[in-house]
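Colleague: Here you go, upload_10.pdb (PDB, C-alpha atoms (C1' of nucleotides)):
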ATOM      1  CA  MET A1315     -22.931   6.009  36.329
ATOM      2  CA  LEU A1316     -23.934   2.520  35.528
ATOM      3  CA  THR A1317     -27.339   1.240  36.399
ATOM      4  CA  MET A1318     -29.844   2.237  39.028
ATOM      5  CA  ALA A1319     -30.956  -1.266  39.882
ATOM      6  CA  ARG A1320     -27.889  -3.321  40.860
ATOM      7  CA  PRO A1321     -24.779  -1.364  39.929
ATOM      8  CA  GLU A1322     -22.266  -3.867  41.229
ATOM      9  CA  ALA A1323     -23.872  -6.821  39.514
ATOM     10  CA  VAL A1324     -23.480  -5.132  36.143
ATOM     11  CA  THR A1325     -19.913  -4.125  36.910
ATOM     12  CA  ILE A1326     -18.880  -7.648  37.812
ATOM     13  CA  LYS A1327     -20.636  -9.141  34.854
ATOM     14  CA  ALA A1328     -18.884  -6.692  32.561
ATOM     15  CA  LYS A1329     -15.635  -7.724  34.171
ATOM     16  CA  LEU A1330     -16.423 -11.331  33.379
ATOM     17  CA  PHE A1331     -17.057 -10.572  29.712
ATOM     18  CA  ARG A1332     -13.909  -8.505  29.635
ATOM     19  CA  GLY A1333     -12.032 -11.734  30.098
ATOM     20  CA  PHE A1334     -13.256 -12.707  26.631
ATOM     21  CA  ALA A1335     -12.968  -9.262  25.092
ATOM     22  CA  ASP A1336      -9.255  -9.058  24.452
ATOM     23  CA  PRO A1337      -7.780 -10.687  21.336
ATOM     24  CA  SER A1338      -4.860 -12.171  23.238
ATOM     25  CA  ARG A1339      -6.971 -13.635  26.020
ATOM     26  CA  LEU A1340      -9.515 -14.892  23.524
ATOM     27  CA  ALA A1341      -6.774 -16.546  21.494
ATOM     28  CA  ILE A1342      -5.629 -18.298  24.656
ATOM     29  CA  LEU A1343      -9.137 -19.409  25.555
ATOM     30  CA  ASP A1344      -9.775 -20.621  22.024
ATOM     31  CA  ALA A1345      -6.541 -22.577  22.087
ATOM     32  CA  LEU A1346      -7.445 -24.163  25.410
ATOM     33  CA  ARG A1347     -10.803 -25.123  24.001
ATOM     34  CA  ARG A1348      -9.095 -27.899  22.057
ATOM     35  CA  ARG A1349      -6.988 -29.292  24.856
ATOM     36  CA  PRO A1350      -5.087 -28.328  28.028
ATOM     37  CA  MET A1351      -1.735 -26.732  27.264
ATOM     38  CA  THR A1352       1.466 -25.643  28.936
ATOM     39  CA  VAL A1353       2.488 -22.012  28.787
ATOM     40  CA  GLY A1354       5.077 -22.812  26.141
ATOM     41  CA  GLU A1355       2.485 -24.514  23.966
ATOM     42  CA  ILE A1356       0.156 -21.585  24.406
ATOM     43  CA  VAL A1357       2.917 -19.207  23.392
ATOM     44  CA  LYS A1358       3.491 -21.215  20.227
ATOM     45  CA  ALA A1359      -0.195 -21.561  19.466
ATOM     46  CA  THR A1360      -0.992 -17.887  19.897
ATOM     47  CA  GLY A1361       2.187 -16.140  18.873
ATOM     48  CA  LEU A1362       2.146 -14.085  22.048
ATOM     49  CA  THR A1363       5.380 -13.307  23.822
ATOM     50  CA  GLN A1364       5.968 -15.433  26.890
ATOM     51  CA  PRO A1365       5.588 -12.655  29.470
ATOM     52  CA  ASN A1366       2.480 -11.394  27.782
ATOM     53  CA  ALA A1367       0.933 -14.846  27.728
ATOM     54  CA  SER A1368       1.818 -15.363  31.379
ATOM     55  CA  ASN A1369       0.251 -12.076  32.290
ATOM     56  CA  HIS A1370      -3.004 -12.842  30.507
ATOM     57  CA  LEU A1371      -3.032 -16.333  31.952
ATOM     58  CA  ALA A1372      -2.672 -14.905  35.429
ATOM     59  CA  CYS A1373      -5.627 -12.646  34.673
ATOM     60  CA  LEU A1374      -7.745 -15.495  33.359
ATOM     61  CA  HIS A1375      -6.784 -17.607  36.343
ATOM     62  CA  ASP A1376      -7.662 -14.872  38.844
ATOM     63  CA  CYS A1377     -11.019 -14.522  37.190
ATOM     64  CA  GLY A1378     -11.639 -18.247  37.361
ATOM     65  CA  LEU A1379     -11.883 -18.808  33.631
ATOM     66  CA  VAL A1380      -8.901 -21.151  33.527
ATOM     67  CA  VAL A1381      -7.419 -23.615  35.977
ATOM     68  CA  ARG A1382      -3.734 -24.245  36.500
ATOM     69  CA  SER A1383      -1.912 -27.449  37.441
ATOM     70  CA  GLN A1384       1.776 -27.903  38.055
ATOM     71  CA  ASP A1385       3.334 -30.703  36.038
ATOM     72  CA  GLY A1386       6.998 -31.041  36.812
ATOM     73  CA  ARG A1387       8.441 -27.703  35.825
ATOM     74  CA  TYR A1388       5.638 -27.180  33.397
ATOM     75  CA  VAL A1389       2.391 -25.437  34.204
ATOM     76  CA  ARG A1390      -0.613 -26.751  32.404
ATOM     77  CA  TYR A1391      -3.707 -24.622  31.909
ATOM     78  CA  ARG A1392      -7.218 -25.684  30.985
ATOM     79  CA  LEU A1393     -10.653 -24.111  30.832
ATOM     80  CA  SER A1394     -12.255 -24.137  34.259
ATOM     81  CA  ASP A1395     -15.757 -25.003  33.184
ATOM     82  CA  ARG A1396     -17.737 -26.375  30.274
ATOM     83  CA  ARG A1397     -19.733 -23.182  30.257
ATOM     84  CA  VAL A1398     -16.639 -21.204  29.373
ATOM     85  CA  ALA A1399     -16.419 -23.256  26.209
ATOM     86  CA  ALA A1400     -20.164 -22.875  25.765
ATOM     87  CA  LEU A1401     -19.855 -19.119  25.914
ATOM     88  CA  LEU A1402     -17.055 -19.193  23.371
ATOM     89  CA  HIS A1403     -19.191 -21.367  21.125
ATOM     90  CA  LEU A1404     -22.175 -19.061  21.461
ATOM     91  CA  GLY A1405     -19.891 -16.225  20.488
ATOM     92  CA  ASP A1406     -18.952 -18.081  17.329
ATOM     93  CA  VAL A1407     -22.548 -18.764  16.458
ATOM     94  CA  LEU A1408     -23.624 -15.207  17.124
ATOM     95  CA  LEU A1409     -20.682 -13.884  15.170
ATOM     96  CA  ALA A1410     -21.785 -15.818  12.119
ATOM     97  CA  ASP A1411     -24.820 -13.561  11.914
ATOM     98  CA  VAL A1412     -23.531 -10.222  13.113
ATOM     99  CA  ALA A1413     -20.015 -10.443  11.711
ATOM    100  CA  ARG A1414     -20.679  -7.781   9.115
ATOM    101  CA  GLY A1415     -21.791  -5.360  11.796
ATOM    102  CA  VAL A1416     -18.782  -6.075  13.935
ATOM    103  CA  TYR A1417     -16.533  -5.442  10.969
ATOM    104  CA  GLU A1418     -18.091  -2.078  10.391
ATOM    105  CA  CYS A1419     -18.203  -1.059  14.033
ATOM    106  CA  THR A1420     -15.525   1.589  14.325
ATOM    107  CA  ARG A1421     -16.495   2.895  17.747
ATOM    108  CA  TYR A1422     -13.757   0.834  19.227
ATOM    109  CA  ASP A1423     -10.934  -1.145  17.728
ATOM    110  CA  ALA A1424      -9.198  -4.205  18.969
ATOM    111  CA  PRO A1425      -5.984  -3.306  20.793
ATOM    112  CA  LYS A1426      -3.102  -3.310  18.379
ATOM    113  CA  ALA A1427       0.120  -5.141  18.991
ATOM    114  CA  GLY A1428       3.140  -3.087  19.872
ATOM    115  CA  GLY A1429       1.519  -1.101  22.597
ATOM    116  CA  GLY A1430       4.556  -1.376  24.821
ATOM    117  CA  ARG A1431       7.936   0.223  24.925
ATOM    118  CA  ARG A1432       9.556   1.535  21.790
TER     119      ARG A1432
ATOM    120  CA  MET B1151       0.611 -10.421  17.915
ATOM    121  CA  LEU B1152      -2.557 -12.354  18.285
ATOM    122  CA  THR B1153      -2.840 -15.850  16.979
ATOM    123  CA  MET B1154      -1.002 -17.716  14.294
ATOM    124  CA  ALA B1155      -3.998 -19.578  12.943
ATOM    125  CA  ARG B1156      -6.660 -17.030  12.023
ATOM    126  CA  PRO B1157      -5.685 -13.653  13.450
ATOM    127  CA  GLU B1158      -8.641 -11.710  12.129
ATOM    128  CA  ALA B1159     -11.182 -14.204  13.377
ATOM    129  CA  VAL B1160      -9.954 -13.798  16.921
ATOM    130  CA  THR B1161      -9.841 -10.034  16.594
ATOM    131  CA  ILE B1162     -13.420  -9.821  15.391
ATOM    132  CA  LYS B1163     -14.667 -12.229  17.997
ATOM    133  CA  ALA B1164     -12.951 -10.188  20.698
ATOM    134  CA  LYS B1165     -14.656  -7.139  19.272
ATOM    135  CA  LEU B1166     -17.987  -8.888  19.578
ATOM    136  CA  PHE B1167     -17.396  -9.725  23.238
ATOM    137  CA  ARG B1168     -16.235  -6.187  23.816
ATOM    138  CA  GLY B1169     -19.789  -5.126  23.168
ATOM    139  CA  PHE B1170     -20.705  -6.936  26.379
ATOM    140  CA  ALA B1171     -17.601  -5.994  28.312
ATOM    141  CA  ASP B1172     -18.423  -2.427  29.288
ATOM    142  CA  PRO B1173     -20.660  -1.765  32.306
ATOM    143  CA  SER B1174     -22.663   0.876  30.496
ATOM    144  CA  ARG B1175     -23.286  -1.207  27.401
ATOM    145  CA  LEU B1176     -24.048  -4.229  29.528
ATOM    146  CA  ALA B1177     -26.529  -2.232  31.581
ATOM    147  CA  ILE B1178     -28.231  -1.214  28.350
ATOM    148  CA  LEU B1179     -28.316  -4.776  27.034
ATOM    149  CA  ASP B1180     -29.629  -6.063  30.343
ATOM    150  CA  ALA B1181     -32.349  -3.438  30.333
ATOM    151  CA  LEU B1182     -33.351  -4.334  26.782
ATOM    152  CA  ARG B1183     -33.529  -7.960  27.793
ATOM    153  CA  ARG B1184     -36.800  -7.224  29.541
ATOM    154  CA  ARG B1185     -38.445  -5.235  26.767
ATOM    155  CA  PRO B1186     -37.741  -2.811  23.913
ATOM    156  CA  MET B1187     -37.139   0.710  25.135
ATOM    157  CA  THR B1188     -36.776   4.241  23.863
ATOM    158  CA  VAL B1189     -33.563   6.109  24.514
ATOM    159  CA  GLY B1190     -35.227   8.110  27.265
ATOM    160  CA  GLU B1191     -36.380   4.955  28.990
ATOM    161  CA  ILE B1192     -32.915   3.498  28.705
ATOM    162  CA  VAL B1193     -31.443   6.644  30.200
ATOM    163  CA  LYS B1194     -33.795   6.345  33.161
ATOM    164  CA  ALA B1195     -33.238   2.641  33.574
ATOM    165  CA  THR B1196     -29.462   2.832  33.490
ATOM    166  CA  GLY B1197     -28.694   6.210  34.976
ATOM    167  CA  LEU B1198     -26.415   7.027  32.060
ATOM    168  CA  THR B1199     -26.337  10.531  30.654
ATOM    169  CA  GLN B1200     -28.256  10.894  27.431
ATOM    170  CA  PRO B1201     -25.244  11.519  25.164
ATOM    171  CA  ASN B1202     -23.382   8.645  26.721
ATOM    172  CA  ALA B1203     -26.312   6.300  26.250
ATOM    173  CA  SER B1204     -26.719   7.425  22.650
ATOM    174  CA  ASN B1205     -23.077   6.815  21.981
ATOM    175  CA  HIS B1206     -23.138   3.301  23.378
ATOM    176  CA  LEU B1207     -26.379   2.579  21.562
ATOM    177  CA  ALA B1208     -24.784   3.653  18.308
ATOM    178  CA  CYS B1209     -21.930   1.298  19.056
ATOM    179  CA  LEU B1210     -24.231  -1.594  19.873
ATOM    180  CA  HIS B1211     -26.244  -0.863  16.746
ATOM    181  CA  ASP B1212     -23.192  -0.742  14.507
ATOM    182  CA  CYS B1213     -22.109  -4.074  15.907
ATOM    183  CA  GLY B1214     -25.510  -5.583  15.276
ATOM    184  CA  LEU B1215     -26.321  -6.364  18.871
ATOM    185  CA  VAL B1216     -29.355  -4.097  18.965
ATOM    186  CA  VAL B1217     -31.909  -3.019  16.382
ATOM    187  CA  ARG B1218     -33.402   0.424  16.107
ATOM    188  CA  SER B1219     -36.884   1.474  14.958
ATOM    189  CA  GLN B1220     -38.176   4.981  14.588
ATOM    190  CA  ASP B1221     -41.485   5.564  16.362
ATOM    191  CA  GLY B1222     -42.642   9.100  15.851
ATOM    192  CA  ARG B1223     -39.919  11.191  17.350
ATOM    193  CA  TYR B1224     -38.935   8.343  19.594
ATOM    194  CA  VAL B1225     -36.350   5.755  18.729
ATOM    195  CA  ARG B1226     -37.000   2.339  20.132
ATOM    196  CA  TYR B1227     -34.202  -0.143  20.610
ATOM    197  CA  ARG B1228     -34.390  -3.873  21.121
ATOM    198  CA  LEU B1229     -31.981  -6.810  21.143
ATOM    199  CA  SER B1230     -31.306  -7.978  17.617
ATOM    200  CA  ASP B1231     -31.323 -11.687  18.288
ATOM    201  CA  ARG B1232     -32.371 -14.247  20.856
ATOM    202  CA  ARG B1233     -28.789 -15.378  21.059
ATOM    203  CA  VAL B1234     -27.762 -12.000  22.413
ATOM    204  CA  ALA B1235     -30.067 -12.664  25.337
ATOM    205  CA  ALA B1236     -28.770 -16.220  25.508
ATOM    206  CA  LEU B1237     -25.224 -14.970  25.801
ATOM    207  CA  LEU B1238     -26.256 -12.574  28.553
ATOM    208  CA  HIS B1239     -27.978 -15.428  30.341
ATOM    209  CA  LEU B1240     -24.961 -17.685  30.013
ATOM    210  CA  GLY B1241     -22.905 -14.885  31.500
ATOM    211  CA  ASP B1242     -25.224 -14.795  34.496
ATOM    212  CA  VAL B1243     -25.001 -18.528  34.971
ATOM    213  CA  LEU B1244     -21.251 -18.597  34.622
ATOM    214  CA  LEU B1245     -20.921 -15.650  36.956
ATOM    215  CA  ALA B1246     -22.730 -17.554  39.667
ATOM    216  CA  ASP B1247     -19.783 -19.929  39.881
ATOM    217  CA  VAL B1248     -16.818 -17.719  39.161
ATOM    218  CA  ALA B1249     -18.050 -14.550  40.827
ATOM    219  CA  ARG B1250     -15.517 -14.783  43.617
ATOM    220  CA  GLY B1251     -12.692 -14.951  41.127
ATOM    221  CA  VAL B1252     -13.984 -11.991  39.193
ATOM    222  CA  TYR B1253     -14.193 -10.010  42.384
ATOM    223  CA  GLU B1254     -10.596 -10.743  43.183
ATOM    224  CA  CYS B1255      -9.293 -10.208  39.685
ATOM    225  CA  THR B1256      -7.426  -6.934  39.875
ATOM    226  CA  ARG B1257      -5.647  -7.179  36.543
ATOM    227  CA  TYR B1258      -8.220  -4.922  35.084
ATOM    228  CA  ASP B1259     -10.988  -2.851  36.600
ATOM    229  CA  ALA B1260     -14.280  -1.819  35.180
ATOM    230  CA  PRO B1261     -14.092   1.713  33.759
ATOM    231  CA  LYS B1262     -15.040   4.182  36.418
ATOM    232  CA  ALA B1263     -17.596   6.897  35.905
ATOM    233  CA  GLY B1264     -16.293  10.411  35.497
ATOM    234  CA  GLY B1265     -13.641   9.579  32.968
ATOM    235  CA  GLY B1266     -14.392  12.679  30.955
ATOM    236  CA  ARG B1267     -13.750  16.350  31.383
ATOM    237  CA  ARG B1268     -13.281  17.791  34.821
TER     238      ARG B1268
ATOM    239  C1'  DT C 327     -43.709  30.173  12.583
ATOM    240  C1'  DC C 328     -41.852  29.408  17.108
ATOM    241  C1'  DA C 329     -41.201  26.467  21.014
ATOM    242  C1'  DT C 330     -40.467  22.036  22.736
ATOM    243  C1'  DT C 331     -39.138  17.435  22.949
ATOM    244  C1'  DA C 332     -36.220  13.378  21.720
ATOM    245  C1'  DC C 333     -32.172  11.957  20.145
ATOM    246  C1'  DA C 334     -27.482  12.251  17.828
ATOM    247  C1'  DT C 335     -22.962  14.234  17.254
ATOM    248  C1'  DC C 336     -18.678  16.927  18.531
ATOM    249  C1'  DA C 337     -14.354  18.253  20.817
ATOM    250  C1'  DG C 338     -11.558  17.546  24.558
ATOM    251  C1'  DT C 339      -9.500  14.697  28.106
ATOM    252  C1'  DA C 340      -8.437  11.524  31.940
ATOM    253  C1'  DT C 341      -7.724   6.836  32.636
ATOM    254  C1'  DG C 342      -7.260   1.891  32.070
ATOM    255  C1'  DT C 343      -4.529  -1.546  30.146
ATOM    256  C1'  DA C 344      -1.979  -4.343  26.688
ATOM    257  C1'  DT C 345       2.508  -4.571  25.374
ATOM    258  C1'  DT C 346       7.706  -4.991  25.669
ATOM    259  C1'  DG C 347      12.585  -6.091  27.438
ATOM    260  C1'  DA C 348      14.851  -7.260  31.513
ATOM    261  C1'  DT C 349      15.014  -9.844  35.520
ATOM    262  C1'  DG C 350      13.782 -13.249  39.268
ATOM    263  C1'  DC C 351      12.605 -17.908  40.907
ATOM    264  C1'  DA C 352      11.983 -22.871  40.764
ATOM    265  C1'  DT C 353      12.883 -27.252  38.749
ATOM    266  C1'  DT C 354      15.334 -30.475  36.069
ATOM    267  C1'  DT C 355      19.659 -32.102  33.819
ATOM    268  C1'  DG C 356      24.704 -32.896  33.281
TER     269       DG C 356
ATOM    270  C1'  DC D 170      27.389 -27.684  41.958
ATOM    271  C1'  DA D 171      26.600 -25.413  37.559
ATOM    272  C1'  DA D 172      23.891 -24.794  33.456
ATOM    273  C1'  DA D 173      19.642 -24.755  31.326
ATOM    274  C1'  DT D 174      14.801 -24.635  30.951
ATOM    275  C1'  DG D 175       9.969 -23.043  32.048
ATOM    276  C1'  DC D 176       7.383 -19.684  33.860
ATOM    277  C1'  DA D 177       6.264 -15.403  36.618
ATOM    278  C1'  DT D 178       7.026 -10.633  37.776
ATOM    279  C1'  DC D 179       8.648  -5.721  37.127
ATOM    280  C1'  DA D 180       8.896  -0.978  35.294
ATOM    281  C1'  DA D 181       7.878   1.853  31.656
ATOM    282  C1'  DT D 182       4.919   3.445  28.001
ATOM    283  C1'  DA D 183       1.823   4.099  23.981
ATOM    284  C1'  DC D 184      -2.749   3.789  22.870
ATOM    285  C1'  DA D 185      -7.714   3.071  22.878
ATOM    286  C1'  DT D 186     -11.829   4.634  24.740
ATOM    287  C1'  DA D 187     -15.461   6.070  28.030
ATOM    288  C1'  DC D 188     -16.932  10.196  29.844
ATOM    289  C1'  DT D 189     -18.753  15.215  29.989
ATOM    290  C1'  DG D 190     -20.854  19.674  28.431
ATOM    291  C1'  DA D 191     -22.200  22.001  24.397
ATOM    292  C1'  DT D 192     -24.338  21.968  20.141
ATOM    293  C1'  DG D 193     -26.909  20.131  16.031
ATOM    294  C1'  DT D 194     -31.037  17.916  13.854
ATOM    295  C1'  DA D 195     -35.614  16.028  13.318
ATOM    296  C1'  DA D 196     -40.342  15.648  14.658
ATOM    297  C1'  DT D 197     -44.360  17.250  17.187
ATOM    298  C1'  DG D 198     -47.504  20.770  18.992
ATOM    299  C1'  DA D 199     -49.426  25.520  19.776
TER     300       DA D 199
END
The structure in this file should be written as structure tokens.

Modeller:
Amino acid sequence: MLTMARPEAVTIKAKLFRGFADPSRLAILDALRRRPMTVGEIVKATGLTQPNASNHLACLHDCGLVVRSQDGRYVRYRLSDRRVAALLHLGDVLLADVARGVYECTRYDAPKAGGGRR
Amino acid sequence: MLTMARPEAVTIKAKLFRGFADPSRLAILDALRRRPMTVGEIVKATGLTQPNASNHLACLHDCGLVVRSQDGRYVRYRLSDRRVAALLHLGDVLLADVARGVYECTRYDAPKAGGGRR
DNA sequence: TCATTACATCAGTATGTATTGATGCATTTG
DNA sequence: CAAATGCATCAATACATACTGATGTAATGA
């Protein structure tokens, strides 16, 4: 059960934040904060594998957090809105004060790399 | 793999956003946005079971997003910082423009209720 | 003291999802 | 046309975690 008042509103909003809540997606968003980038550049900047980056980019694109533009055989991604950057910035600012708590929060851990096939 | 630049920074920041990225925790945070509340009030406001609410509250408290104060045998929770509310507000604003995308984003779904024991 | 209320913790589990290697498709280059 | 490059998609899987019912603990009241 979620909330009595407006269950779907909370669900969707959580989904929005979930776009920021994965280390790989956040690394992509942070990279795009500086400048638009092709998938290859994003792969280099984040260290993600190419399929993994593509998958997260598709997710971010579906959710409207990034925008895609074809450029020859390159695909260039950029943040869709200034407020996406604003939210990232607010996260930084907030983190500066609650970082210690986040460190110590062991209720959930960030997904570890190597979750795939062995 | 996460990011080449500052891996841990991204991981921690993702952890911070993860506090907002679950429907139950978000329902709690949204409820606390209006006023401080005891656990019982939160349970009523959100429709969560009491143990589930307590668990998420412990998580939010560990991460520094909420603050707890004993009041007799009641425990009253409130948002720890104005910027937590600001981030929630920015989420609302951003959602107003990208809501359609979030609806259609099927890469991940919000956790469904009833995930526990059968 | 005993009962009650408010909240926290525990053990167990189903489920979402992030990851990987392999493969497919489109575009440019020789 | 053939080769190469850039990106997207697929199938399979390990893992984190959100949930439930039961139980534990602390504070109040009779």

Colleague: Given identical sequences, can you show me chain A least-squares superposed on chain B via all its Cα atoms in order, as a short mmCIF file (atom, residue, chain, number, x, y, z; two decimals) with C-alpha atoms, keeping the file's coordinate frame?

Modeller:
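Written out: selection_34.cif:
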data_model
loop_
_atom_site.label_atom_id
_atom_site.label_comp_id
_atom_site.auth_asym_id
_atom_site.auth_seq_id
_atom_site.Cartn_x
_atom_site.Cartn_y
_atom_site.Cartn_z
CA MET A 1315 0.64 -10.51 18.01
CA LEU A 1316 -2.52 -12.44 18.33
CA THR A 1317 -2.80 -15.93 17.03
CA MET A 1318 -0.96 -17.80 14.32
CA ALA A 1319 -3.97 -19.65 12.99
CA ARG A 1320 -6.66 -17.10 12.06
CA PRO A 1321 -5.66 -13.72 13.47
CA GLU A 1322 -8.61 -11.78 12.11
CA ALA A 1323 -11.18 -14.26 13.34
CA VAL A 1324 -9.95 -13.83 16.90
CA THR A 1325 -9.84 -10.07 16.56
CA ILE A 1326 -13.42 -9.85 15.36
CA LYS A 1327 -14.65 -12.24 17.97
CA ALA A 1328 -12.95 -10.20 20.67
CA LYS A 1329 -14.64 -7.15 19.24
CA LEU A 1330 -17.98 -8.90 19.55
CA PHE A 1331 -17.40 -9.73 23.21
CA ARG A 1332 -16.23 -6.19 23.79
CA GLY A 1333 -19.79 -5.14 23.13
CA PHE A 1334 -20.70 -6.95 26.35
CA ALA A 1335 -17.60 -5.98 28.29
CA ASP A 1336 -18.42 -2.43 29.26
CA PRO A 1337 -20.63 -1.77 32.29
CA SER A 1338 -22.65 0.88 30.49
CA ARG A 1339 -23.28 -1.20 27.39
CA LEU A 1340 -24.04 -4.24 29.50
CA ALA A 1341 -26.52 -2.24 31.56
CA ILE A 1342 -28.23 -1.22 28.34
CA LEU A 1343 -28.31 -4.77 27.02
CA ASP A 1344 -29.62 -6.08 30.33
CA ALA A 1345 -32.33 -3.45 30.32
CA LEU A 1346 -33.33 -4.34 26.78
CA ARG A 1347 -33.51 -7.97 27.78
CA ARG A 1348 -36.79 -7.24 29.54
CA ARG A 1349 -38.44 -5.24 26.79
CA PRO A 1350 -37.73 -2.82 23.92
CA MET A 1351 -37.12 0.72 25.15
CA THR A 1352 -36.76 4.26 23.89
CA VAL A 1353 -33.55 6.13 24.53
CA GLY A 1354 -35.21 8.12 27.28
CA GLU A 1355 -36.37 4.96 29.02
CA ILE A 1356 -32.91 3.50 28.71
CA VAL A 1357 -31.42 6.63 30.22
CA LYS A 1358 -33.78 6.33 33.18
CA ALA A 1359 -33.22 2.61 33.58
CA THR A 1360 -29.44 2.81 33.49
CA GLY A 1361 -28.67 6.19 34.98
CA LEU A 1362 -26.41 7.02 32.06
CA THR A 1363 -26.35 10.52 30.67
CA GLN A 1364 -28.28 10.90 27.44
CA PRO A 1365 -25.29 11.51 25.17
CA ASN A 1366 -23.41 8.65 26.71
CA ALA A 1367 -26.34 6.29 26.25
CA SER A 1368 -26.75 7.43 22.65
CA ASN A 1369 -23.10 6.84 21.98
CA HIS A 1370 -23.15 3.32 23.38
CA LEU A 1371 -26.38 2.58 21.56
CA ALA A 1372 -24.80 3.67 18.31
CA CYS A 1373 -21.93 1.31 19.05
CA LEU A 1374 -24.23 -1.59 19.85
CA HIS A 1375 -26.25 -0.85 16.74
CA ASP A 1376 -23.18 -0.74 14.50
CA CYS A 1377 -22.12 -4.07 15.89
CA GLY A 1378 -25.53 -5.57 15.25
CA LEU A 1379 -26.32 -6.36 18.86
CA VAL A 1380 -29.36 -4.09 18.95
CA VAL A 1381 -31.90 -3.00 16.38
CA ARG A 1382 -33.42 0.45 16.11
CA SER A 1383 -36.89 1.51 14.97
CA GLN A 1384 -38.23 5.01 14.63
CA ASP A 1385 -41.50 5.59 16.45
CA GLY A 1386 -42.71 9.11 15.96
CA ARG A 1387 -39.95 11.22 17.44
CA TYR A 1388 -38.93 8.38 19.66
CA VAL A 1389 -36.35 5.79 18.77
CA ARG A 1390 -36.99 2.37 20.15
CA TYR A 1391 -34.18 -0.14 20.61
CA ARG A 1392 -34.38 -3.88 21.11
CA LEU A 1393 -31.99 -6.81 21.14
CA SER A 1394 -31.30 -7.98 17.61
CA ASP A 1395 -31.32 -11.68 18.27
CA ARG A 1396 -32.38 -14.25 20.83
CA ARG A 1397 -28.79 -15.38 21.03
CA VAL A 1398 -27.77 -12.01 22.39
CA ALA A 1399 -30.07 -12.66 25.32
CA ALA A 1400 -28.77 -16.22 25.48
CA LEU A 1401 -25.23 -14.97 25.78
CA LEU A 1402 -26.24 -12.58 28.53
CA HIS A 1403 -27.97 -15.43 30.32
CA LEU A 1404 -24.95 -17.69 29.99
CA GLY A 1405 -22.90 -14.89 31.47
CA ASP A 1406 -25.20 -14.80 34.47
CA VAL A 1407 -25.00 -18.53 34.94
CA LEU A 1408 -21.25 -18.61 34.59
CA LEU A 1409 -20.90 -15.67 36.93
CA ALA A 1410 -22.74 -17.55 39.64
CA ASP A 1411 -19.80 -19.93 39.83
CA VAL A 1412 -16.82 -17.72 39.13
CA ALA A 1413 -18.06 -14.55 40.79
CA ARG A 1414 -15.55 -14.82 43.60
CA GLY A 1415 -12.71 -14.99 41.13
CA VAL A 1416 -13.99 -12.03 39.19
CA TYR A 1417 -14.22 -10.04 42.39
CA GLU A 1418 -10.63 -10.77 43.20
CA CYS A 1419 -9.30 -10.22 39.70
CA THR A 1420 -7.43 -6.95 39.94
CA ARG A 1421 -5.62 -7.17 36.61
CA TYR A 1422 -8.19 -4.89 35.15
CA ASP A 1423 -10.95 -2.83 36.66
CA ALA A 1424 -14.24 -1.78 35.24
CA PRO A 1425 -14.05 1.74 33.81
CA LYS A 1426 -15.00 4.24 36.45
CA ALA A 1427 -17.55 6.95 35.91
CA GLY A 1428 -16.28 10.47 35.53
CA GLY A 1429 -13.71 9.71 32.92
CA GLY A 1430 -14.57 12.81 30.94
CA ARG A 1431 -13.90 16.47 31.31
CA ARG A 1432 -13.33 18.00 34.70
#

Colleague: Kindly resolve the PyMOL selection byres ((chain C) within 6 of (chain A)) on the present coordinates and return the residues as a list in words.

Modeller: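 What the PyMOL selection byres ((chain C) within 6 of (chain A)) grabs from the file is DT345, DT346 and DT353 of chain C.
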
Colleague: Write out as a PyMOL selection string the residues lying within 8 Å of Arg1183 of chain B, counting all atoms listed in the file and excluding same-chain residues fewer than 3 positions away.

Modeller: chain B and resi 1179-1180+1186+1228-1229+1235

Colleague: Using all atoms listed in the file, can you tell me which of A:Val1353, A:Leu1371, A:Leu1362, A:Val1380 comes closest to chain D?

Modeller: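 Between A:Val1353, A:Leu1371, A:Leu1362, A:Val1380, the residue approaching chain D most closely is A:Val1353.
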
Colleague: List as a PyMOL selection string the protein and nucleic acid residues near segment 327-329 of chain C, meaning an atom at most 12 Å away when only C-alpha atoms (C1' of nucleotides) are counted, but skip any in the same chain fewer than 3 places from it.

Modeller: chain D and resi 197-199

Colleague: Using the chain letters and numbering of this document, enumerate as number ranges by chain the residues selected by the PyMOL selection byres ((chain D) within 12 of (chain B)).

Modeller: D: 186-192, 194-197

Colleague: What does the distance between atom CA of Arg1226 of chain B and atom CA of Gly1190 of chain B come to in Å, to one decimal place?

Modeller: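 Interatomic distance, atom CA of Arg1226 of chain B to atom CA of Gly1190 of chain B: 9.3 Å.
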
Colleague: Within 10 Å of DA173 of chain D, counting all atoms listed in the file, which residues qualify if same-chain residues fewer than 6 places away don't, as a ChimeraX atom specification?

Modeller: /C:354-356

Colleague: Calculate how many Å separate atom C1' of DT335 of chain C from atom CA of Arg1185 of chain B, rounding to one decimal.

Modeller: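 Atom-to-atom, atom C1' of DT335 of chain C and atom CA of Arg1185 of chain B are spaced 26.6 Å apart.
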
Colleague: Output, as JSON, the centre and edge lengths in Å (one decimal) of the axis-aligned box that contains all listed atoms of segment 184-196 of chain D with 6 Å of margin on each side.

Modeller:
{"center_x": -21.5, "center_y": 12.5, "center_z": 21.7, "size_x": 49.6, "size_y": 30.9, "size_z": 28.7}

Colleague: So which residues touch segment 347-351 of chain C within 9 Å, counting only C-alpha atoms (C1' of nucleotides), skipping near sequence neighbours fewer than 5 positions away, as a PyMOL selection string?

Modeller: (chain A and resi 1431) or (chain D and resi 176-179)

Colleague: For atom C1' of DA171 of chain D and atom CA of Val1389 of chain A, quote the distance in Å rounded to one decimal.

Modeller: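 Here the two named atoms are 24.4 Å from each other.
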